[in-house]
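Notes follow the structure.
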Protein chains: 2
Amino acid sequence: MEHPENHTDYKGLTVNSGVSQPPVVNPYLKRRKKRSLPSAGELVEGILAGDITRLSRAVTLVESTAPDHQALAQEVIEKCLPHSGNSRRIGITGVPGAGKSTSIDVFGLHVLKSGGKLAVLAIDPSSERTKGSILGDKTRMERLSVHPNAFIRPSPSAGSLGGVARKTRETIVLCEAAGFNNIFVETVGVGQSETAVHSMVDFFLLLQLAGTGDELQGIKRGIMEMADGIVINKADGDNINRAQLAQAQFRSALHLFPPTASGWQPEVLTYSGYYELGIPEVWDMIDRYFAFVSENGYFEKRRLQQARYWMYETIDEQLRRHFYDNPAIAAALAEKEQRVLDNRQSSFTAARDILDIYFASGNR
Amino acid sequence: MEHPENHTDYKGLTVNSGVSQPPVVNPYLKRRKKRSLPSAGELVEGILAGDITRLSRAVTLVESTAPDHQALAQEVIEKCLPHSGNSRRIGITGVPGAGKSTSIDVFGLHVLKSGGKLAVLAIDPSSERTKGSILGDKTRMERLSVHPNAFIRPSPSAGSLGGVARKTRETIVLCEAAGFNNIFVETVGVGQSETAVHSMVDFFLLLQLAGTGDELQGIKRGIMEMADGIVINKADGDNINRAQLAQAQFRSALHLFPPTASGWQPEVLTYSGYYELGIPEVWDMIDRYFAFVSENGYFEKRRLQQARYWMYETIDEQLRRHFYDNPAIAAALAEKEQRVLDNRQSSFTAARDILDIYFASGNR
């Protein structure tokens, strides 16, 4: 029953966390008044050369709401586009408490052992509310956050989910152009953001805990069916049996689900992020997935579907934003909504009345 | 990866199936040129008196695309609104082959044994394509279709899912005003329509078959997690053991799901539509559900959420329709989409370019 009501504008707050920069201070923002914008060519050249400072600045522009920043960001993205696409995009979700940061730290180090580079992005539309939690996450990725081949970027600050997701998807393009061939996109597992993440990654990994069900409380219904792999954390010590039992239960549950669009049968594995057990097995599953979908053509097909999806999604988001940002609409909405809740007017005529205001106002 | 691209206009084809009318011929449509429209007062009076002919005519107006019909329909709905709401709205879905029509026939007769009236509506956005299948369904509800207290209405003819769903929801209002205290809304179980149905009913019933998984092929992922009850059909004869095994599997799978928003733990039962076994038990579950959600306040809360949801959903649908119906947009979309698929332009700038056309065209 959720509804896209987050039509507030972005707050314009951006946090830069390129690893080659000081951890908190963003010199670009600090000295914004004094510094002129770099040229698109300068940024693109830096990004293609793998310059993390330039990449970070470009991402900051992507996240900015200032029109000149946006225009520059779009120019940079457009120029990076032909150099993008060459990565494995992996969505990772799990409830708070599932050990997400530790797991990403360990998974990330494992991936980097075989060379290449890793960008860890996040989508958390609530980040404005829970300020700090995302940076907190970053500091918990202890080893990854100081790894020379890793780039960790917190969630764009709060705005509509559509807006936050769009920025993350644009950031993927920039990271890929900068040579990051592994992209993790992290979400919190409790909201609508998983659908957005699912529509921008190749593989969707769900972190779970063994347990009697209490641990599942926070996971939103429907997420399990998106997963290409479910991995049960904390399979160590006394907990091994419980984890294996959970594994058997999830496996049997997944068999009741209809096949995935990729034809891949989602797998269920156990591991321990803390003790670093079972990590190669998890990654072996992901390797097999990529081999499978490359072979059957689904990888390419899905990437195209996603590009198309995002075009339409952006259109829809902007149409909604333009509507809900109209001051006359905001005033009318509250009143009409109350009439609907009081059963004094149908949902449909209330909608029609508000649309009439919009289309008559001439200031769309 | 679906997208709301069904922005074609409604076809205007309507089929009237009020039980007290001849089965195929719709006198209203036939004699449209000769007959003047009834007044809203006339229709409302008839509906409130439980007159099926008037109800059918009002539903036909709801389904019409003619502006004068729509205006009249909205007036009737508005007047019926204070008399609506007093029903149990039950969504029923299942793949073709699950025995949906037979089950609805049997469930419906069971419900009518305790008195009251039953309206069976359907949502099938593909009905235009598979013309006849829905009327076929109706004739398969052999006993219900001739029952004096049942009103069976096929799906509004194809259009956008949003449009079809809206019409069905408006029809619910009219049926309730006409004294129908049980509403079944049927869907085919293979598309996006389940989400729409889920957002207009109180209880969502999923019909399944026992089996090795092949039977699940057609069910869309995510539907299982919407269900308030799963009932496994064809639990008879040789098939009883398989049905009971499936029941155990579904029960154990449901335990892995997070709790529903209502707090209700979805149940799994077996029955036989053909041999009419286990029907009272299925209905006992539904009775217990309604007692549960009335008690904890969820029933009322969800109804309000739904009313609110439909207001926003209608707004979004109309905004999209207005956009996609713009001839300049249709032309630009195809070209831009190709550029995006060729990786020559980002999804986001393509969207922006098309939005620029829209907002510049001035004929929104």
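Identifiers in the structure tokens: chain A, B, ... in order shown; residue index from 1 per chain; ligand index from 1 in order shown.
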
Give me the chain A side of the contact with chain B, cut-off 6 Å, one line per residue showing its nearest atom pair and distance in Å at one decimal, counting only C-alpha atoms, sorted by chain and residue number, as a tab-separated table.
residue	atom	partner	partner_atom	distance
A:Leu216	CA	B:Pro258	CA	5.4
A:Gln217	CA	B:Pro258	CA	5.2
A:Gly222	CA	B:Gly222	CA	5.3
A:Ala253	CA	B:Ala253	CA	4.6
A:Pro258	CA	B:Gln217	CA	5.2
A:Leu304	CA	B:Leu341	CA	5.8
A:Ala307	CA	B:Ser347	CA	5.9
A:Trp310	CA	B:Ser347	CA	5.7
A:Met311	CA	B:Ser347	CA	4.4
A:Ile315	CA	B:Ala351	CA	5.4
A:Leu341	CA	B:Leu304	CA	5.9
A:Ser347	CA	B:Met311	CA	4.3
A:Phe348	CA	B:Met311	CA	5.9
A:Ala351	CA	B:Met311	CA	5.3

Save out the residues we just selected, C-alpha atoms, as a short mmCIF file (atom, residue, chain, number, x, y, z; two decimals), in the first residue's frame.
data_model
loop_
_atom_site.label_atom_id
_atom_site.label_comp_id
_atom_site.auth_asym_id
_atom_site.auth_seq_id
_atom_site.Cartn_x
_atom_site.Cartn_y
_atom_site.Cartn_z
CA LEU A 216 12.84 -12.03 9.27
CA GLN A 217 10.58 -9.39 10.76
CA GLY A 222 8.44 -9.88 -1.88
CA ALA A 253 10.79 -22.73 -0.04
CA PRO A 258 8.16 -20.18 -10.07
CA LEU A 304 18.87 -3.57 -22.31
CA ALA A 307 18.18 0.80 -19.79
CA TRP A 310 15.10 3.59 -16.54
CA MET A 311 14.13 5.80 -19.42
CA ILE A 315 9.87 10.06 -17.35
CA LEU A 341 -10.80 9.34 3.71
CA SER A 347 -10.86 8.48 -5.09
CA PHE A 348 -11.47 8.99 -8.76
CA ALA A 351 -8.05 12.74 -8.52
#

Within 9 Å of Arg143 of chain B, counting only C-alpha atoms, which residues qualify if same-chain residues fewer than 4 places away don't, as a VMD selection string? chain B and resid 105 to 106 109 147

When DSSP works through the backbone of this structure, what residues of segment 241-322 of chain A end up as helix (DSSP H, G or I), shown as a ChimeraX atom specification? /A:241-256,279-295,298-322

Residue subset to file, keeping C-alpha atoms, as an mmCIF file, in the first residue's frame:
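Saved result, again_34.cif, follows:
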data_model
loop_
_atom_site.group_PDB
_atom_site.id
_atom_site.type_symbol
_atom_site.label_atom_id
_atom_site.label_comp_id
_atom_site.auth_asym_id
_atom_site.auth_seq_id
_atom_site.Cartn_x
_atom_site.Cartn_y
_atom_site.Cartn_z
ATOM 1 C CA ASN A 241 23.231 -26.290 12.878
ATOM 2 C CA ARG A 242 20.684 -23.529 12.944
ATOM 3 C CA ALA A 243 22.194 -22.041 9.799
ATOM 4 C CA GLN A 244 22.077 -25.367 8.016
ATOM 5 C CA LEU A 245 18.491 -25.898 9.054
ATOM 6 C CA ALA A 246 17.616 -22.454 7.722
ATOM 7 C CA GLN A 247 19.445 -23.324 4.513
ATOM 8 C CA ALA A 248 17.334 -26.443 4.052
ATOM 9 C CA GLN A 249 14.165 -24.482 4.759
ATOM 10 C CA PHE A 250 14.998 -21.715 2.322
ATOM 11 C CA ARG A 251 15.958 -24.237 -0.337
ATOM 12 C CA SER A 252 12.687 -26.033 -0.032
ATOM 13 C CA ALA A 253 10.786 -22.729 -0.041
ATOM 14 C CA LEU A 254 12.575 -21.548 -3.176
ATOM 15 C CA HIS A 255 11.496 -24.703 -4.953
ATOM 16 C CA LEU A 256 7.902 -23.613 -4.570
ATOM 17 C CA ILE A 279 33.239 -16.859 1.220
ATOM 18 C CA PRO A 280 34.798 -18.509 -1.866
ATOM 19 C CA GLU A 281 31.698 -20.699 -2.172
ATOM 20 C CA VAL A 282 29.424 -17.687 -2.201
ATOM 21 C CA TRP A 283 31.558 -16.124 -4.879
ATOM 22 C CA ASP A 284 31.714 -19.317 -6.839
ATOM 23 C CA MET A 285 27.898 -19.250 -6.998
ATOM 24 C CA ILE A 286 28.010 -15.706 -8.336
ATOM 25 C CA ASP A 287 30.636 -16.688 -10.920
ATOM 26 C CA ARG A 288 28.430 -19.553 -12.035
ATOM 27 C CA TYR A 289 25.481 -17.217 -12.301
ATOM 28 C CA PHE A 290 27.356 -14.849 -14.567
ATOM 29 C CA ALA A 291 28.567 -17.734 -16.711
ATOM 30 C CA PHE A 292 24.992 -19.014 -16.926
ATOM 31 C CA VAL A 293 23.381 -15.738 -17.966
ATOM 32 C CA SER A 294 26.190 -14.862 -20.380
ATOM 33 C CA GLU A 295 25.722 -18.225 -22.018
ATOM 34 C CA TYR A 298 19.976 -13.162 -20.407
ATOM 35 C CA PHE A 299 22.758 -10.902 -19.202
ATOM 36 C CA GLU A 300 22.674 -8.725 -22.300
ATOM 37 C CA LYS A 301 18.895 -8.881 -22.582
ATOM 38 C CA ARG A 302 18.409 -7.736 -19.029
ATOM 39 C CA ARG A 303 20.869 -4.868 -19.344
ATOM 40 C CA LEU A 304 18.869 -3.573 -22.306
ATOM 41 C CA GLN A 305 15.589 -4.022 -20.451
ATOM 42 C CA GLN A 306 17.042 -2.081 -17.569
ATOM 43 C CA ALA A 307 18.181 0.796 -19.786
ATOM 44 C CA ARG A 308 14.728 0.960 -21.283
ATOM 45 C CA TYR A 309 13.108 0.669 -17.872
ATOM 46 C CA TRP A 310 15.103 3.586 -16.536
ATOM 47 C CA MET A 311 14.131 5.801 -19.420
ATOM 48 C CA TYR A 312 10.442 5.241 -18.697
ATOM 49 C CA GLU A 313 10.947 5.332 -14.966
ATOM 50 C CA THR A 314 12.676 8.700 -15.230
ATOM 51 C CA ILE A 315 9.873 10.059 -17.352
ATOM 52 C CA ASP A 316 7.279 8.896 -14.850
ATOM 53 C CA GLU A 317 9.221 10.278 -11.932
ATOM 54 C CA GLN A 318 9.627 13.684 -13.560
ATOM 55 C CA LEU A 319 5.965 13.840 -14.518
ATOM 56 C CA ARG A 320 5.018 13.126 -10.950
ATOM 57 C CA ARG A 321 7.527 15.557 -9.564
ATOM 58 C CA HIS A 322 6.364 18.334 -11.810
#

May I have the residues within 7 Å of Tyr271 of chain A as an MDAnalysis selection string, using only C-alpha atoms and disregarding those fewer than 3 positions away in the same chain? chainID A and resid 231:235 277:279

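With atom CA of Ala332 of chain A on one side and atom CA of Gly297 of chain B on the other, the separation reads 28.7 Å.
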
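Note that the spacing between atom CA of Ala98 of chain A and atom CA of Tyr274 of chain A amounts to 11.2 Å.
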
What is the distance, in Å and to one decimal place, between atom CA of Ser87 of chain B and atom CA of Ala178 of chain B? 10.9 Å

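Distance check against Ile47 of chain A using only C-alpha atoms: of A:Ile123, A:Ala331, A:Leu269, A:Val76, the minimum falls on A:Val76.
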